[in-house]
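As structure tokens, the structure follows; a few thoughts come after it.
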Amino acid sequence: MQTDVIVVGAGPIGLMLAGELRLAGVRTLVLEKHEQPREVPKAGGLGGQILELLRYRGLLERFRAASPNPDPAPRFPFGGLDVDLTKSADSPLHAMVLPQRLLEQILDERAAELGAEVRRGHPMVGLEQDATTVTAEVRGPDGPYRVTARYLVGCDGSRSRVRELAGIGWPGTTYPEVHRLAQVTVPDSLTRFDNGDLDVPGVGRVRTGFTRTGRGMFALGPDLDVLSIYTAEDEAGEYDDNEPMTLDELRDSIRRVLGGDLPLGEPRRLSRWQFQARLAERYRDGRVLLAGDAAHLLPATGAALNLGMLDAVNLAWKLAADVDGHAPDGLLDTYQSERTLAASRALLQTRAQVALRRGQDPAADALREVVQELLTDEPAARRIGEMIAGSDVRYPVPGSGHHALTGTFAPDLGVDDLLHAARPVLLVLAERPDLLDAARGVPPHVDVRVVPTEDRPADALLIRPDAHIAWAAAVDEPADTAVPSLREALTHWFGAALEPAVPS
Ligand SMILES: Cc1cc2nc3c(=O)[nH]c(=O)nc-3n(C[C@H](O)[C@H](O)[C@H](O)COP(=O)(O)OP(=O)(O)OC[C@H]3O[C@@H](n4cnc5c(N)ncnc54)[C@H](O)[C@@H]3O)c2cc1C
């Protein structure tokens with residue numbers, strides 16, 4: 001065996017996974033087909049629960065330092081409407097401006113610091129597996145070679161070769177709308193009014209903001225120093241996200257949508273995207289797994305990185321437990337059940353955005369108006385904010401009599417370095433000698449922390465490396481119910497039971 005886990009693809013999800021695997025001590029090899037990091041602009045920012053997870057890992061400051069606008073904003077687009085949580089004291093949703101190129105750079109540096117090997121210019125071209133190993137065929141710069149590991153994870157994007165070779169179906173919908181976003185310099189030949197509106201030859205005055213036309217949508221940013229343009233229109237056929245958009249392509253789209261020729265200066269940023277709603281039929285085929293865009297595509301912006309990076313966080317500790325030999329039966333299968341639950345929720349809210357965004361008739365206008373009105377109510381905005389953030393996902397937890405927190409993402413418990421090392425933690429928050437006694441029986445790969453806390457949500461919590469709560473003892477819960485359920489949770493998630501003796 002040459003390595004423990006092969007990650008195919010050094011996009012954001014593959015690099016995140018590599019970092020998390022290395023944190024858990026897993027030997028990791030990343031194969032990337034391109035020789036250099038890509039320049040095609042993709043995401044402009046990162047939002048949702050992943051920001052909280054990065055904070056729990058002690059990484060958020062590093063991302064903030066790279067962000068042109070580091071203060072996460074509690075507002076988000078939703079199907080062309082606005083979810084504004086700026087007035088909420090504790091918004092469930094934050095987004096940070098961070099171009100994907102910078103995001104990938106930080107994740108790449110972190111993976112390298114932690115000891116992951118990233119081979120660029122090494123496409124995976126084939127794979128085979130048996131009961132104990134998986135082998136990737138690679139076309140390296142010095143010729144083809146093979147590399148064998150215990151597991152291989154396809155983080156190779158929406159056109160995943162890994163998914164195809166594993167024979168995993170990819171059902172879903174491609175929506176006909178094509179979106180183009182550009183920033184170009186302002187040419188001398190352009191007439192612009194003081195308030196930013198444009199005079200487009202053959203069309204007349206075009207306002208800043210969104211203009212719906214019979215052919216689609218045109219939008220103009222208010223900035224006078226640069227032309228920020230967006231078009232959306234229906235087209236037949238599919239584009240490859242990795243194929244850059246050209247200025248001519250943008251010009252043609254503006255002509256179709258607006259009905260006139262808009263003079264354009266030099267391009268600063270050109271991007272195009274299409275929306276698909278797809279979910280892989282399975283996330284696993286034996287020793288081959290999928291994560292990120294290889295596993296799901298969402299038909300709205302702003303949620304894909306959150307979903308994909310959290311796939312990586314969920315998968316890494318389970319693979320690490322398996323490689324280390326202490327994974328209980330079925331642990332790796334919970335990757336699929338938990339993350340398809342999260343993906344289904346994300347698909348639900350993004351498909352709803354399609355319905356809001358695409359309608360062109362008065363009924364659709366009425367729907368948008370009604371929903372926007374509802375979103376001015378804080379509880380409704382909060383609910384949608386939780387859906388976008390992915391914080392409404394509660395993983396199923398076996399057993400009975402659960403605390404309200406089990407299965408949920410851990411709230412901020414005020415213990416700064418709790419999850420920096422991505423190890424499971426039994427966190428005791430109360431003066432409870434009975435629970436402390438029981439904690440002596442936890443296995444060595446589970447940390448025990450005692451942090452007596454006045455205002456606490458529970459007396460003790462068992463927290464997984466991905467920050468989800470596996471077990472909780474309610475405040476003042478007696479040991480005769482708390483200890484057996486702790487034993488059950490430890491066995492289920494971490495493959496180890498406490499000593500049977502319950503302390504007196
Ligand atoms: C214009 C645009 C704007 C976007 N905006 C947002 C946004 O605001 N917020 C958001 O959350 N998401 C956004 N997205 C989506 C986001 O970019 C993707 O969800 C994200 O890139 C997915 O990451 P990934 O690592 O799964 O896949 P990818 O980024 O596609 O990376 C896959 C990697 O695998 C490599 N690869 C492929 N095949 C092989 C092979 N056979 N061998 C080796 N390597 C291989 C590729 O070269 C690539 O580096 C946007 C996308 C686009 C196109």
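Here's how to read the names in the structure tokens: chain A, B, ... by the order shown, residue numbers from 1 in each chain, ligand numbers from 1 in the order shown.
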Inset, instruction - Using only C-alpha atoms and all ligand atoms, find each protein or nucleic acid residue lying at most 6 Å from ligand 1; present the set as an MDAnalysis selection string. - result: chainID A and resid 8:14 31:34 42:46 123:125 155:157 160:161 241 271:273 292:294 301:306
Could you turn the residues from that selection into a file that holds N, CA, C and O atoms, as a compact mmCIF listing (two decimals), in the first residue's frame?
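Output below, filename out05.txt:
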# COMPACT_ATOMS: atom_id res chain seq x y z
N VAL A 8 -8.78 12.55 -5.56
CA VAL A 8 -8.67 12.95 -6.96
C VAL A 8 -9.28 14.35 -7.10
O VAL A 8 -10.48 14.54 -6.89
N GLY A 9 -8.44 15.33 -7.43
CA GLY A 9 -8.90 16.71 -7.61
C GLY A 9 -8.41 17.63 -6.51
O GLY A 9 -8.68 17.40 -5.33
N ALA A 10 -7.67 18.68 -6.92
CA ALA A 10 -7.20 19.68 -5.95
C ALA A 10 -8.02 20.95 -6.09
O ALA A 10 -7.49 22.06 -6.13
N GLY A 11 -9.34 20.80 -6.17
CA GLY A 11 -10.24 21.94 -6.03
C GLY A 11 -10.43 22.20 -4.54
O GLY A 11 -9.75 21.59 -3.69
N PRO A 12 -11.35 23.08 -4.18
CA PRO A 12 -11.51 23.40 -2.75
C PRO A 12 -11.88 22.19 -1.90
O PRO A 12 -11.42 22.08 -0.76
N ILE A 13 -12.66 21.28 -2.46
CA ILE A 13 -13.13 20.15 -1.62
C ILE A 13 -12.00 19.14 -1.43
O ILE A 13 -11.77 18.64 -0.32
N GLY A 14 -11.26 18.85 -2.51
CA GLY A 14 -10.15 17.91 -2.39
C GLY A 14 -9.09 18.44 -1.44
O GLY A 14 -8.53 17.68 -0.63
N LEU A 31 -4.20 13.88 -6.36
CA LEU A 31 -3.87 13.88 -7.79
C LEU A 31 -4.67 14.98 -8.46
O LEU A 31 -5.91 15.00 -8.33
N GLU A 32 -4.00 15.87 -9.16
CA GLU A 32 -4.70 16.98 -9.84
C GLU A 32 -4.28 16.97 -11.30
O GLU A 32 -3.09 16.93 -11.60
N LYS A 33 -5.26 17.06 -12.19
CA LYS A 33 -4.90 16.92 -13.61
C LYS A 33 -4.21 18.17 -14.16
O LYS A 33 -3.35 18.08 -15.03
N HIS A 34 -4.55 19.36 -13.64
CA HIS A 34 -3.92 20.58 -14.17
C HIS A 34 -2.57 20.82 -13.51
O HIS A 34 -2.41 20.57 -12.32
N LYS A 42 -14.45 31.65 -10.18
CA LYS A 42 -15.66 30.93 -9.76
C LYS A 42 -16.26 31.67 -8.57
O LYS A 42 -16.59 32.83 -8.69
N ALA A 43 -16.36 31.01 -7.43
CA ALA A 43 -17.06 31.62 -6.30
C ALA A 43 -16.40 32.92 -5.85
O ALA A 43 -15.17 33.04 -5.88
N GLY A 44 -17.23 33.85 -5.42
CA GLY A 44 -16.71 35.12 -4.92
C GLY A 44 -16.65 35.12 -3.40
O GLY A 44 -16.10 36.05 -2.81
N GLY A 45 -17.20 34.09 -2.77
CA GLY A 45 -17.22 34.10 -1.31
C GLY A 45 -17.63 32.77 -0.73
O GLY A 45 -17.94 31.81 -1.44
N LEU A 46 -17.62 32.76 0.59
CA LEU A 46 -17.89 31.55 1.35
C LEU A 46 -18.94 31.90 2.40
O LEU A 46 -18.80 32.92 3.08
N PRO A 123 -3.24 13.53 -13.96
CA PRO A 123 -4.64 13.12 -14.02
C PRO A 123 -4.83 11.64 -13.71
O PRO A 123 -4.01 10.81 -14.12
N MET A 124 -5.89 11.35 -12.98
CA MET A 124 -6.27 9.96 -12.79
C MET A 124 -7.06 9.55 -14.03
O MET A 124 -8.01 10.23 -14.40
N VAL A 125 -6.67 8.45 -14.64
CA VAL A 125 -7.35 8.04 -15.88
C VAL A 125 -8.09 6.72 -15.74
O VAL A 125 -8.86 6.34 -16.62
N CYS A 155 -13.00 13.98 -5.73
CA CYS A 155 -13.34 15.40 -5.51
C CYS A 155 -13.06 16.09 -6.84
O CYS A 155 -12.44 17.15 -6.88
N ASP A 156 -13.45 15.43 -7.92
CA ASP A 156 -13.04 15.86 -9.25
C ASP A 156 -14.15 16.60 -10.00
O ASP A 156 -14.16 16.61 -11.23
N GLY A 157 -15.03 17.23 -9.25
CA GLY A 157 -15.96 18.17 -9.86
C GLY A 157 -17.15 17.53 -10.55
O GLY A 157 -17.33 16.32 -10.54
N SER A 160 -17.24 14.47 -12.95
CA SER A 160 -16.37 13.49 -12.27
C SER A 160 -16.12 12.21 -13.06
O SER A 160 -17.03 11.46 -13.37
N ARG A 161 -14.84 11.97 -13.31
CA ARG A 161 -14.43 10.71 -13.95
C ARG A 161 -14.54 9.57 -12.94
O ARG A 161 -14.84 8.44 -13.28
N ASP A 241 -17.86 24.58 -16.93
CA ASP A 241 -17.49 25.66 -16.00
C ASP A 241 -16.01 26.03 -16.09
O ASP A 241 -15.62 27.15 -15.75
N SER A 271 -17.12 35.74 -15.97
CA SER A 271 -17.49 34.39 -15.54
C SER A 271 -18.89 34.04 -16.04
O SER A 271 -19.71 34.91 -16.30
N ARG A 272 -19.06 32.76 -16.19
CA ARG A 272 -20.35 32.26 -16.67
C ARG A 272 -20.69 30.99 -15.89
O ARG A 272 -19.80 30.22 -15.54
N TRP A 273 -21.95 30.82 -15.58
CA TRP A 273 -22.34 29.56 -14.94
C TRP A 273 -23.76 29.19 -15.33
O TRP A 273 -24.55 30.03 -15.78
N GLY A 292 -18.24 16.86 -2.69
CA GLY A 292 -18.29 18.14 -3.40
C GLY A 292 -19.12 18.06 -4.66
O GLY A 292 -20.10 17.30 -4.74
N ASP A 293 -18.72 18.84 -5.68
CA ASP A 293 -19.50 18.89 -6.92
C ASP A 293 -19.58 17.53 -7.62
O ASP A 293 -20.48 17.33 -8.44
N ALA A 294 -18.69 16.63 -7.33
CA ALA A 294 -18.79 15.29 -7.90
C ALA A 294 -20.02 14.56 -7.36
O ALA A 294 -20.53 13.63 -7.99
N THR A 301 -26.68 30.10 -6.37
CA THR A 301 -25.31 30.39 -5.91
C THR A 301 -25.23 30.39 -4.38
O THR A 301 -26.23 30.49 -3.69
N GLY A 302 -24.00 30.30 -3.91
CA GLY A 302 -23.75 30.60 -2.50
C GLY A 302 -23.82 29.43 -1.55
O GLY A 302 -23.52 29.61 -0.37
N ALA A 303 -24.18 28.24 -2.00
CA ALA A 303 -24.33 27.13 -1.06
C ALA A 303 -23.43 25.94 -1.38
O ALA A 303 -23.26 25.05 -0.55
N ALA A 304 -22.84 25.91 -2.57
CA ALA A 304 -22.12 24.70 -3.01
C ALA A 304 -20.84 24.46 -2.22
O ALA A 304 -20.55 23.34 -1.82
N LEU A 305 -20.07 25.52 -1.97
CA LEU A 305 -18.81 25.34 -1.24
C LEU A 305 -19.09 24.91 0.20
O LEU A 305 -18.41 24.04 0.75
N ASN A 306 -20.09 25.53 0.80
CA ASN A 306 -20.48 25.18 2.16
C ASN A 306 -20.81 23.68 2.24
O ASN A 306 -20.27 22.95 3.08
Inset, instruction - Find the spatial neighbours of Ala312 in chain A, counting only C-alpha atoms, within a cut-off of 7 Å - ignore same-chain residues fewer than 4 positions away - and output them as number ranges by chain. - result: A: 13, 16-17, 291, 308, 316
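Nearest residue to Met96 in chain A, choosing from A:Arg358, A:His326, A:Arg75, A:Arg146 and counting only C-alpha atoms: A:Arg75.
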Inset, instruction - Please identify all polymer residues within 6 Å of range 441-457 of chain A, counting only C-alpha atoms, omitting same-chain residues fewer than 3 positions from it, and present them as a PyMOL selection string. - result: chain A and resi 424-430+438+498-499
Go ahead and write the residues just picked, C-alpha atoms, as a compact mmCIF listing (two decimals), in the first residue's frame.
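The resulting file, out32.txt, is shown below:
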# COMPACT_ATOMS: atom_id res chain seq x y z
CA PRO A 424 -13.60 13.57 19.34
CA VAL A 425 -14.11 15.31 22.68
CA LEU A 426 -16.08 14.44 25.78
CA LEU A 427 -16.69 17.88 27.22
CA VAL A 428 -17.86 17.98 30.82
CA LEU A 429 -19.40 21.36 31.65
CA ALA A 430 -20.67 20.68 35.19
CA ALA A 438 -17.29 7.50 33.86
CA LEU A 498 -16.85 2.50 28.87
CA GLU A 499 -16.03 0.09 31.62
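Of the listed residues A:Leu59, A:Ala366, A:Val313, A:Leu29, the one whose atoms come nearest to Ala149 in chain A is A:Leu29, with distances taken using only C-alpha atoms.
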Please produce, as a tab-separated table, a per-residue contact table for range 395-475 of chain A versus range 374-390 of chain A (criterion: any atom at most 12 Å away, only C-alpha atoms considered), showing the nearest atom pair and its distance in Å to one decimal, sorted by chain then residue number.
residue	atom	partner	partner_atom	distance
A:Tyr395	CA	A:Gly390	CA	11.5
A:Thr408	CA	A:Gly390	CA	10.6
A:Phe409	CA	A:Gly390	CA	9.6
Legend entry - Pick from A:Leu419, A:Ala66, A:Leu348, A:Leu331, whichever lies nearest to Leu319 in chain A using only C-alpha atoms: A:Leu331
